[in-house]
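Note sheet for the following structure.
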Amino acid sequence: MQFSNLNLDYFSILPEIITALAGVILMLIDAFSKKAGRKLSPMFSLFALVATLASIIALWPRASYTASFAGMIVNDHLRLYFALVIVACGIIATLLASQFLDDEALPPGEFYALMMFATTGMLMMASAGDLVMVFLGLETSSIATYVMAGYRRTDLRANESSLKYFLLGSFSAAFLLYGMALTYGATGTTNIEGIRQILIAGKVIYPQMLLVGVAMMLVGFGFKIATAPFHLWTPDVYEGAPTLVTAILATGPKVAVFAAFLRVFAEGLGTPTAPAVGAQIYDNWINALAVMAAIGMTFGNIVALAQRNMKRMLAYSSIAHGGYTLIGFLTTEYAPVGFYMLTYALMSLGAFAIVQMLAREGDAKTEISDYAGIGFEVPNLSFPLAIFMLSMAGIPPMAGFMGKFYVFKSAWVSSPNLRWLVIVAIINSIISVYYYLYPIVVMFFRPPVSDFTKPRLSPMSQLALAITIIGTLYFGLFPNGALKVLQQKTPGAQQVAVQK
Amino acid sequence: MELYLITILLFLPLLGAASMWGHSLAFLHRVPLERIREHYRWIALVIAGLEFLISLILLFKFDSSKSEPQFQLNIPWIEGLGAHFHLGVDGISLWLVVLTTFLLPIAILVTWRVNNNVRAYFTTLFLLETGIIGVFVSLDMLLFYLFWEMSIIPMGFLIGVWGAEREHRVHATIKFLIFTVVGSLFMLVGIIGVFYYSGATTFDLLEITQTLQSNRAAGRELIPANLAVWFWLAFALGFFVKIPIWPLHAWLPETYVQAPTSGSIMMAGVMAKMGAYGLMRFNLPLFPDVSMKFAPWVMALAVIGLIYGALLAIVQTDLKRLVAYSSLSHLGYVILGIFAFTSQSMQGALFQMINHGISTGALFVCVGLITQRRQTREISEFGGMATQMPGYSTAFMIIAFSSLGLPLLNGFIGEILILVGTFSSSVPYSKVFAVIGAAGVVLASIYILWKMQRVLFGAVTKEENKELEDLTRRERVALIPMVALAIVLGVTPMVFLRASDRTVNQVRTAVVQQSSK
């Protein structure tokens with residue numbers, strides 16, 4: 001690292017600066033006035049997130065591969081796009097949070113602050129150009145989310161969930177860190193682009209060590225995106241955490257980890273033509289991920305079939321969706337992953353939001369059988385839930401279909417080696433139809449339960465729901481805009497392509 | 001105007017649904033619910049009627065001297081994927097579109113008294129109509145798939161929410177949804193496969209068909225022969241389930257029986273044709289070789305289904321179930337006709353699709369009407385209806401005769417064309433299939449005549465049947481057009497056949513010539 005060439009471009013980390021500052025300010029608001037905080041905090045968080053969104057859009061024209069902060073921050077289209085999705089998830093979650101905190105009488109201040117810090121970490125993951133930065137972002141967001149998972153302090157399930165998440169999360173972070181250390185030892189650099197150059201030049205110092213390091217990083221990332229066989233924490237954590245936190249866990253961090261995962265593997269280690277160990281590593285991780293994708297989808301879907309609890313079902317379904325996303329990942333393009341993550345985030349947030357609204361205090365009603373006959377009682381919740389379920393099942397004109405279709409098509413066209421995975425994925429989609437239809441059947445076609453009362457909906461929750469529904473339908477019918485953004489090539493991409 | 005005619009047809013039902021919701025926003029607090037419901041019904045009827053009239057414009061402006069799709073509209077939709085909003089109708093889809101718009105007002109009329117969630121009910125029907133019409137007019141594979149799925153979900157709701165018996169209808173819905181959604185996912189594999197191997201940059205069906213054909217003419221098969229078989233099967237599975245063809249019909253009896261009358265009409269009347277239409281639109285032009293190779297097998301399945309359906313129809317004690325099995329039997333003819341690849345048989349198949357839509361639709365109406373009056377579908381509960389309900393019985397009889405293929409009624413023309421065409425076909429064993437098919441006609445007359453005898457004639461044995469009211473004015477409005485059409489099509493089939501002649505022959509020659517290469 002040359003300190004003479006730091007390139008301290010503060011504008012390029014404006015999004016992270018805004019969210020970090022906002023987190024600090026939110027804690028201060030809470031410290032000085034608890035009362036005002038309840039009203040002020042959500043508004044301020046929203047304001048900060050919208051400002052972050054604006055800063056990301058302002059950064060768009062400056063997208064390039066030029067790294068700043070000595071290669072720590074990369075400001076290319078991958079980063080900007082994923083940052084956009086992460087912040088959008090944050091905005092929707094914040095909109096939902098105020099009602100959740102009010103209904104459960106939980107302290108609001110820390111929650112918003114934690115969410116801001118988590119968002120900061122996620123944004124750092126998306127923009128990381130260096131393994132150290134990836135880890136830093138990952139831990140920043142993880143620690144915040146560990147706390148959020150246990151936010152309902154008096155609830156044993158939430159405690160269990162939080163502890164489980166923390167223990168297994170730290171364990172996997174250790175894997176990741178060890179992998180990074182070994183990679184550093186083998187290549188002499190932690191810079192992702194640097195690792196790439198070294199692989200292409202064939203100058204790896206300790207090839208065997210690199211292989212072990214990459215394998216360990218794969219485990220670490222695999223844990224964070226909750227793909228089989230590293231998914232075991234997911235159902236318990238998702239079920240035990242307050243539903244809103246589950247919604248956050250299932251979307252933002254996953255999107256961010258996929259961004260970092262893409263950066264490290266698809267870009268840094270995406271070297272199929274490199275001499276010696278470079279190509280070998282590429283083959284190895286591609287094959288390993290292909291197997292992980294196949295197991296993830298199949299396992300997630302089959303186990304989801306047997307679930308009778310909505311949150312657990314969605315947890316397994318998210319494992320399956322992770323598997324589908326990995327198929328897009330294997331094309332080593334970021335467009336399929338990005339688009340799938342966008343659609344996944346929208347429909348998951350929406351679905352979890354509705355589960356939260358129907359669940360009532362303390363997540364009392366999250367069994368699917370609790371939804372019996374509510375279809376025409378609360379059409380403003382049941383129809384959206386039906387839309388999200390159909391979207392997850394991949395039925396047009398919902399966004400989930402377009403996401404799947406784009407991934408399948410990209411994978412099919414990009415490489416003959418991936419076609420078997422597409423077939424496996426389609427068989428999996430077939431399996432998944434059953435359990436996604438099940439809540440719809442229960443809601444609309446079963447006789448109603450007698451003790452059902454209509455849940456209250458705050459205007460902010462309604463807005464969040466509206467955003468997710470409109471988004472789900474919009475990206476299902478008119479995905480063109482998003483695809484155009486995704487297919488933009490960062491200036492300078494050609495050089496990289498030639499080097500490939 | 002002409003350019004957007006199909007687009008209007010597609011979006012008018014959605015507008016109708018939206019207008020009902022708008023209406024309720026404006027009036028729900030001021031007008032009693034019962035009156036509001038009446039408003040919904042009239043809005044639904046007017047929009048559905050308007051839709052039918054617009055489709056008639058399509059019919060009159062259609063130029064039957066052309067074989068290619070007309071009124072084409074082609075605008076980019078998803079450039080990133082190469083999908084277009086490409087619409088058009090040709091001689092095949094024209095009649096199916098008109099049939100759809102014709103049946104919907106009738107479905108609305110006969111279920112006028114649906115009383116739970118009226119607004120949602122009509123919204124579902126309208127979504128269904130948009131989906132079905134969309135399937136028939138899309139010329140882009142992705143758009144086709146979108147509409148295909150879009151038609152399935154409303155149908156599921158129709159059965160699940162407004163179906164017959166709560167215990168059974170949920171099961172029927174799940175069965176229906178799983179069968180059809182799974183079938184269509186296979187179709188999706190076919191779509192991606194064809195897209196990829198044709199080397200096209202778009203999902204435009206016409207373009208892909210042309211690329212494949214011109215390459216074939218030059219001696220190049222773009223889709224490898226071993227894969228073409230699988231893609232053919234993937235498409236066929238989706239379509240066979242929809243029709244359904246034996247042995248993929250397991251969802252049919254229960255679904256038809258549990259569906260509300262409107263659902264049965266739309267499902268048997270037009271949704272079954274979506275499958276047959278898909279075969280003519282995708283399987284035949286895209287894979288002429290495989291289609292030719294598989295023709296005897298498909299015909300065998302069609303014939304098995306035809307006989308199987310007829311035999312089961314004979315032994316049914318449930319009136320609606322009987323019609324359901326007879327529908328399965330009749331659809332066997334359609335498939336037989338398509339895969340015989342002669343001009344008559346294919347024309348006959350298309351004609352039979354329309355006939356089946358009218359006569360089976362009308363049969364479901366008839367069954368629905370007496371079920372509504374008696375709350376039972378058991379054949380043994382009826383008898384002697386002819387004396388109690390003369391108007392109803394007349395209509396029922398004409399429709400039943402049309403369904404069994406009495407000359408001068410529409411069913412006869414379709415069946416005779418198919419059987420003659422199949423007999424003269426060059427597909428192996430086609431003569432055997434034609435003969436067995438003809439036996440199906442005999443079986444049809446058994447179950448239909450026996451049913452009529454038990455339901456309509458004889459003495460009135462049940463006390464409840466003595467007070468039954470004949471057709472009301474609304475029911476007459478629903479039934480008379482169907483009866484009239486059955487007669488008109490039977491007497492002057494040429495009007496109909498002329499419009500579809502070119503397109504059907506083009507599909508046929510494409511298969512026959514290209515597969516012989």
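Letters for chains follow the order of the structure tokens (A, B, ...), residue numbers begin at 1 for each chain, and ligand numbers begin at 1 in the order shown.
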What's around Pro439 of chain A at 10 Å? Count only C-alpha atoms, leave out sequence neighbours fewer than 5 positions away in its own chain, and write the answer as a ChimeraX atom specification. /A:308,310,367-372,382,385-386,389,434,444-445
Writing out the chosen residues with all heavy atoms as a short mmCIF file (atom, residue, chain, number, x, y, z; two decimals), in the first residue's frame:
data_model
loop_
_atom_site.label_atom_id
_atom_site.label_comp_id
_atom_site.auth_asym_id
_atom_site.auth_seq_id
_atom_site.Cartn_x
_atom_site.Cartn_y
_atom_site.Cartn_z
N ARG A 308 -45.42 -25.55 8.83
CA ARG A 308 -46.76 -25.05 9.07
C ARG A 308 -46.71 -23.69 9.74
O ARG A 308 -47.73 -23.12 10.08
CB ARG A 308 -47.55 -26.04 9.95
CG ARG A 308 -47.98 -27.28 9.17
CD ARG A 308 -48.94 -26.91 8.05
NE ARG A 308 -49.22 -28.01 7.15
CZ ARG A 308 -48.61 -28.18 5.99
NH1 ARG A 308 -47.68 -27.35 5.57
NH2 ARG A 308 -48.93 -29.20 5.22
N MET A 310 -45.51 -19.83 9.29
CA MET A 310 -45.24 -18.94 8.17
C MET A 310 -43.79 -18.47 8.17
O MET A 310 -43.14 -18.44 7.12
CB MET A 310 -46.19 -17.75 8.30
CG MET A 310 -46.29 -16.92 7.07
SD MET A 310 -47.06 -17.84 5.74
CE MET A 310 -46.84 -16.67 4.43
N GLU A 367 -48.66 -19.10 12.77
CA GLU A 367 -48.96 -20.37 12.12
C GLU A 367 -49.81 -20.08 10.89
O GLU A 367 -50.64 -19.17 10.90
CB GLU A 367 -49.75 -21.28 13.07
CG GLU A 367 -49.01 -21.68 14.32
CD GLU A 367 -47.78 -22.51 14.02
OE1 GLU A 367 -47.87 -23.42 13.19
OE2 GLU A 367 -46.72 -22.24 14.62
N ILE A 368 -49.62 -20.86 9.84
CA ILE A 368 -50.41 -20.61 8.64
C ILE A 368 -51.89 -20.85 8.93
O ILE A 368 -52.75 -20.17 8.40
CB ILE A 368 -49.92 -21.50 7.47
CG1 ILE A 368 -48.47 -21.13 7.15
CG2 ILE A 368 -50.78 -21.33 6.24
CD1 ILE A 368 -47.84 -21.96 6.08
N SER A 369 -52.16 -21.78 9.83
CA SER A 369 -53.57 -22.06 10.13
C SER A 369 -54.25 -20.86 10.81
O SER A 369 -55.48 -20.77 10.83
CB SER A 369 -53.69 -23.30 11.01
OG SER A 369 -52.90 -23.14 12.17
N ASP A 370 -53.47 -19.94 11.39
CA ASP A 370 -54.07 -18.74 11.96
C ASP A 370 -54.68 -17.85 10.89
O ASP A 370 -55.43 -16.93 11.20
CB ASP A 370 -53.00 -17.93 12.71
CG ASP A 370 -52.54 -18.65 13.97
OD1 ASP A 370 -53.34 -19.41 14.52
OD2 ASP A 370 -51.38 -18.45 14.37
N TYR A 371 -54.28 -18.08 9.65
CA TYR A 371 -54.75 -17.20 8.58
C TYR A 371 -56.06 -17.69 7.96
O TYR A 371 -56.53 -17.12 6.98
CB TYR A 371 -53.72 -17.12 7.46
CG TYR A 371 -52.39 -16.52 7.86
CD1 TYR A 371 -51.32 -16.52 6.97
CD2 TYR A 371 -52.21 -15.96 9.11
CE1 TYR A 371 -50.10 -15.98 7.34
CE2 TYR A 371 -51.00 -15.43 9.48
CZ TYR A 371 -49.95 -15.45 8.60
OH TYR A 371 -48.75 -14.92 8.96
N ALA A 372 -56.63 -18.74 8.52
CA ALA A 372 -57.79 -19.35 7.87
C ALA A 372 -58.91 -18.35 7.65
O ALA A 372 -59.32 -17.64 8.58
CB ALA A 372 -58.30 -20.51 8.72
N SER A 382 -54.54 -9.63 2.77
CA SER A 382 -54.53 -10.97 2.19
C SER A 382 -54.17 -10.94 0.71
O SER A 382 -53.42 -11.79 0.24
CB SER A 382 -55.87 -11.64 2.39
OG SER A 382 -56.87 -10.92 1.74
N LEU A 385 -50.48 -10.39 0.31
CA LEU A 385 -49.73 -11.60 0.67
C LEU A 385 -49.84 -12.63 -0.45
O LEU A 385 -48.86 -13.30 -0.79
CB LEU A 385 -50.25 -12.17 1.99
CG LEU A 385 -49.44 -13.34 2.55
CD1 LEU A 385 -47.99 -12.94 2.74
CD2 LEU A 385 -50.01 -13.85 3.85
N ALA A 386 -51.04 -12.72 -1.04
CA ALA A 386 -51.20 -13.64 -2.16
C ALA A 386 -50.27 -13.25 -3.31
O ALA A 386 -49.63 -14.10 -3.92
CB ALA A 386 -52.65 -13.65 -2.63
N MET A 389 -46.76 -14.27 -2.43
CA MET A 389 -46.58 -15.72 -2.50
C MET A 389 -46.46 -16.16 -3.96
O MET A 389 -45.59 -16.96 -4.33
CB MET A 389 -47.76 -16.44 -1.85
CG MET A 389 -47.80 -16.35 -0.34
SD MET A 389 -46.44 -17.23 0.41
CE MET A 389 -45.56 -15.90 1.14
N TYR A 434 -46.31 -25.64 -4.47
CA TYR A 434 -47.25 -26.18 -3.50
C TYR A 434 -47.26 -25.38 -2.21
O TYR A 434 -48.30 -24.95 -1.73
CB TYR A 434 -46.95 -27.66 -3.21
CG TYR A 434 -47.92 -28.24 -2.23
CD1 TYR A 434 -49.18 -28.64 -2.65
CD2 TYR A 434 -47.62 -28.33 -0.89
CE1 TYR A 434 -50.10 -29.15 -1.76
CE2 TYR A 434 -48.53 -28.84 0.01
CZ TYR A 434 -49.77 -29.25 -0.43
OH TYR A 434 -50.68 -29.73 0.46
N PHE A 444 -58.03 -17.90 1.66
CA PHE A 444 -59.23 -17.60 0.88
C PHE A 444 -60.27 -18.70 0.88
O PHE A 444 -61.45 -18.44 0.72
CB PHE A 444 -58.84 -17.27 -0.56
CG PHE A 444 -58.14 -15.96 -0.68
CD1 PHE A 444 -56.77 -15.90 -0.77
CD2 PHE A 444 -58.86 -14.78 -0.68
CE1 PHE A 444 -56.12 -14.70 -0.87
CE2 PHE A 444 -58.23 -13.57 -0.78
CZ PHE A 444 -56.85 -13.53 -0.88
N PHE A 445 -59.83 -19.94 1.00
CA PHE A 445 -60.78 -21.03 0.76
C PHE A 445 -61.20 -21.75 2.02
O PHE A 445 -62.08 -22.59 1.99
CB PHE A 445 -60.20 -22.04 -0.25
CG PHE A 445 -59.65 -21.40 -1.50
CD1 PHE A 445 -58.64 -22.00 -2.22
CD2 PHE A 445 -60.16 -20.19 -1.96
CE1 PHE A 445 -58.13 -21.41 -3.36
CE2 PHE A 445 -59.65 -19.61 -3.10
CZ PHE A 445 -58.65 -20.22 -3.80
#
Need the shell around Leu53 of chain B: protein/DNA/RNA residues with any atom at most 12 Å away, counting only C-alpha atoms. Skip same-chain ones fewer than 2 positions apart. Format as a list in words?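 Close residues of Leu53 of chain B: Leu5, Ile8, Leu9, Leu12, Val46, Ile47, Ala48, Gly49, Leu50, Glu51, Ser55, Leu56, Ile57, Leu58, Leu59, Phe60, Val97, Val98, Leu99, Thr100, Thr101, Phe102 and Pro105 of chain B.
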Output of the above residues as a short mmCIF file (atom, residue, chain, number, x, y, z; two decimals), in the first residue's frame, restricted to N, CA and C atoms:
data_model
loop_
_atom_site.label_atom_id
_atom_site.label_comp_id
_atom_site.auth_asym_id
_atom_site.auth_seq_id
_atom_site.Cartn_x
_atom_site.Cartn_y
_atom_site.Cartn_z
N LEU B 5 -57.00 -2.40 -31.81
CA LEU B 5 -58.21 -3.15 -31.54
C LEU B 5 -57.99 -4.27 -30.52
N ILE B 8 -57.28 -2.98 -27.06
CA ILE B 8 -58.52 -2.60 -26.38
C ILE B 8 -59.20 -3.84 -25.80
N LEU B 9 -59.24 -4.89 -26.61
CA LEU B 9 -59.85 -6.13 -26.14
C LEU B 9 -59.17 -6.64 -24.88
N LEU B 12 -59.88 -3.74 -21.88
CA LEU B 12 -61.24 -3.38 -21.49
C LEU B 12 -61.72 -4.16 -20.26
N VAL B 46 -72.43 -5.09 -18.95
CA VAL B 46 -72.26 -4.10 -20.02
C VAL B 46 -70.84 -4.17 -20.58
N ILE B 47 -69.86 -4.25 -19.68
CA ILE B 47 -68.47 -4.30 -20.16
C ILE B 47 -68.24 -5.58 -20.96
N ALA B 48 -68.76 -6.70 -20.45
CA ALA B 48 -68.56 -7.96 -21.16
C ALA B 48 -69.25 -7.91 -22.53
N GLY B 49 -70.43 -7.29 -22.57
CA GLY B 49 -71.14 -7.18 -23.84
C GLY B 49 -70.37 -6.29 -24.82
N LEU B 50 -69.86 -5.19 -24.30
CA LEU B 50 -69.09 -4.27 -25.13
C LEU B 50 -67.87 -4.98 -25.70
N GLU B 51 -67.26 -5.77 -24.85
CA GLU B 51 -66.09 -6.54 -25.26
C GLU B 51 -66.44 -7.46 -26.43
N SER B 55 -65.06 -7.43 -30.28
CA SER B 55 -64.47 -8.59 -30.94
C SER B 55 -65.18 -8.87 -32.27
N LEU B 56 -66.46 -8.45 -32.35
CA LEU B 56 -67.16 -8.63 -33.64
C LEU B 56 -66.55 -7.72 -34.70
N ILE B 57 -66.17 -6.51 -34.30
CA ILE B 57 -65.49 -5.63 -35.26
C ILE B 57 -64.27 -6.35 -35.82
N LEU B 58 -63.54 -6.97 -34.91
CA LEU B 58 -62.35 -7.73 -35.31
C LEU B 58 -62.73 -8.77 -36.36
N LEU B 59 -63.84 -9.43 -36.09
CA LEU B 59 -64.30 -10.49 -36.98
C LEU B 59 -64.62 -9.92 -38.37
N PHE B 60 -65.28 -8.76 -38.40
CA PHE B 60 -65.70 -8.23 -39.70
C PHE B 60 -64.54 -7.62 -40.47
N VAL B 97 -60.81 -16.04 -29.88
CA VAL B 97 -61.02 -14.77 -29.19
C VAL B 97 -62.52 -14.45 -29.15
N VAL B 98 -63.15 -14.61 -30.31
CA VAL B 98 -64.59 -14.30 -30.36
C VAL B 98 -65.37 -15.24 -29.44
N LEU B 99 -64.95 -16.49 -29.41
CA LEU B 99 -65.63 -17.44 -28.53
C LEU B 99 -65.51 -17.01 -27.07
N THR B 100 -64.32 -16.55 -26.70
CA THR B 100 -64.12 -16.10 -25.31
C THR B 100 -65.04 -14.94 -24.97
N THR B 101 -65.03 -13.94 -25.84
CA THR B 101 -65.85 -12.77 -25.52
C THR B 101 -67.34 -13.10 -25.58
N PHE B 102 -67.68 -14.11 -26.38
CA PHE B 102 -69.08 -14.53 -26.48
C PHE B 102 -69.53 -15.25 -25.21
N PRO B 105 -70.21 -12.92 -21.33
CA PRO B 105 -71.50 -12.37 -20.91
C PRO B 105 -72.48 -13.46 -20.48
#
So which residues touch segment 292-302 of chain B within 8 Å, counting only C-alpha atoms, skipping near sequence neighbours fewer than 3 positions away, as number ranges by chain? B: 245-247, 288-289, 305-306, 331-333, 335-336, 339-340, 427-430, 433, 511-512, 515
Let's have the selection written as a compact mmCIF listing (two decimals), in the first residue's frame, with C-alpha atoms.
# COMPACT_ATOMS: atom_id res chain seq x y z
CA ILE B 245 -55.35 -35.36 -22.67
CA TRP B 246 -55.58 -38.78 -21.12
CA PRO B 247 -53.68 -39.71 -18.81
CA PRO B 288 -42.50 -30.38 -37.49
CA ASP B 289 -40.27 -33.47 -37.43
CA GLY B 305 -59.16 -40.42 -23.87
CA LEU B 306 -62.08 -40.22 -26.24
CA LEU B 331 -61.57 -32.93 -26.73
CA GLY B 332 -60.10 -36.23 -27.86
CA TYR B 333 -61.53 -35.50 -31.32
CA ILE B 335 -56.42 -33.67 -30.75
CA LEU B 336 -57.08 -36.48 -33.17
CA PHE B 339 -52.38 -34.65 -35.37
CA ALA B 340 -53.88 -36.26 -38.45
CA VAL B 427 -49.99 -40.82 -40.44
CA PRO B 428 -49.44 -44.49 -39.54
CA TYR B 429 -52.46 -46.28 -38.05
CA SER B 430 -54.63 -43.25 -38.65
CA PHE B 433 -57.84 -44.32 -34.96
CA VAL B 511 -45.57 -29.50 -40.87
CA VAL B 512 -46.10 -31.88 -43.73
CA SER B 515 -40.98 -32.96 -41.85
Quick check for you: according to DSSP on this backbone, which residues of segment 1-159 of chain A are classed as alpha helix (DSSP H)? Reply as a VMD selection string. chain A and resid 14 to 32 34 to 59 77 to 104 108 to 127 131 to 149 156 to 159
Should the cut-off be 8 Å, what would the residue list for chain B against chain A look like, counting only C-alpha atoms, as an NGL selection string? :B and (77-81 or 117 or 145-147 or 149-150 or 160-161 or 166 or 170 or 174 or 178 or 181-182 or 185-186 or 189 or 192 or 196)
Would you pick out the contacts of Gly179 of chain A at 7 Å or less, using only C-alpha atoms, so that residues sharing its chain but fewer than 6 positions from it are not included, and give the list as a VMD selection string? chain A and resid 213 to 214 216 to 217
Could those residues be written to a file, using all heavy atoms, as an mmCIF file, in the first residue's frame?
data_model
loop_
_atom_site.group_PDB
_atom_site.id
_atom_site.type_symbol
_atom_site.label_atom_id
_atom_site.label_comp_id
_atom_site.auth_asym_id
_atom_site.auth_seq_id
_atom_site.Cartn_x
_atom_site.Cartn_y
_atom_site.Cartn_z
ATOM 1 N N GLY A 213 -7.449 -20.986 1.649
ATOM 2 C CA GLY A 213 -8.021 -19.682 1.995
ATOM 3 C C GLY A 213 -9.322 -19.430 1.260
ATOM 4 O O GLY A 213 -10.325 -19.013 1.859
ATOM 5 N N VAL A 214 -9.325 -19.720 -0.037
ATOM 6 C CA VAL A 214 -10.539 -19.483 -0.827
ATOM 7 C C VAL A 214 -11.668 -20.382 -0.336
ATOM 8 O O VAL A 214 -12.818 -19.953 -0.207
ATOM 9 C CB VAL A 214 -10.252 -19.714 -2.319
ATOM 10 C CG1 VAL A 214 -11.537 -19.752 -3.112
ATOM 11 C CG2 VAL A 214 -9.345 -18.623 -2.842
ATOM 12 N N MET A 216 -12.115 -21.452 2.643
ATOM 13 C CA MET A 216 -12.636 -20.933 3.903
ATOM 14 C C MET A 216 -13.499 -19.700 3.685
ATOM 15 O O MET A 216 -14.523 -19.512 4.338
ATOM 16 C CB MET A 216 -11.480 -20.612 4.833
ATOM 17 C CG MET A 216 -10.867 -21.878 5.388
ATOM 18 S SD MET A 216 -9.786 -21.477 6.722
ATOM 19 C CE MET A 216 -10.016 -22.868 7.770
ATOM 20 N N MET A 217 -13.082 -18.859 2.750
ATOM 21 C CA MET A 217 -13.918 -17.694 2.461
ATOM 22 C C MET A 217 -15.277 -18.125 1.920
ATOM 23 O O MET A 217 -16.306 -17.534 2.217
ATOM 24 C CB MET A 217 -13.215 -16.786 1.445
ATOM 25 C CG MET A 217 -12.053 -16.017 2.040
ATOM 26 S SD MET A 217 -11.676 -14.546 1.098
ATOM 27 C CE MET A 217 -10.981 -15.223 -0.374
#
Excluding Arg474 of chain B and residues on its chain fewer than 2 positions from it, collect all residues at most 12 Å away from it, counting only C-alpha atoms, and give them as a PyMOL selection string. chain B and resi 45+105-113+369+470-472+476-481
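Closest approach to Met346 of chain B among B:Val507, B:Val257, B:Met397, B:Ile54 is made by B:Val507 (distances from only C-alpha atoms).
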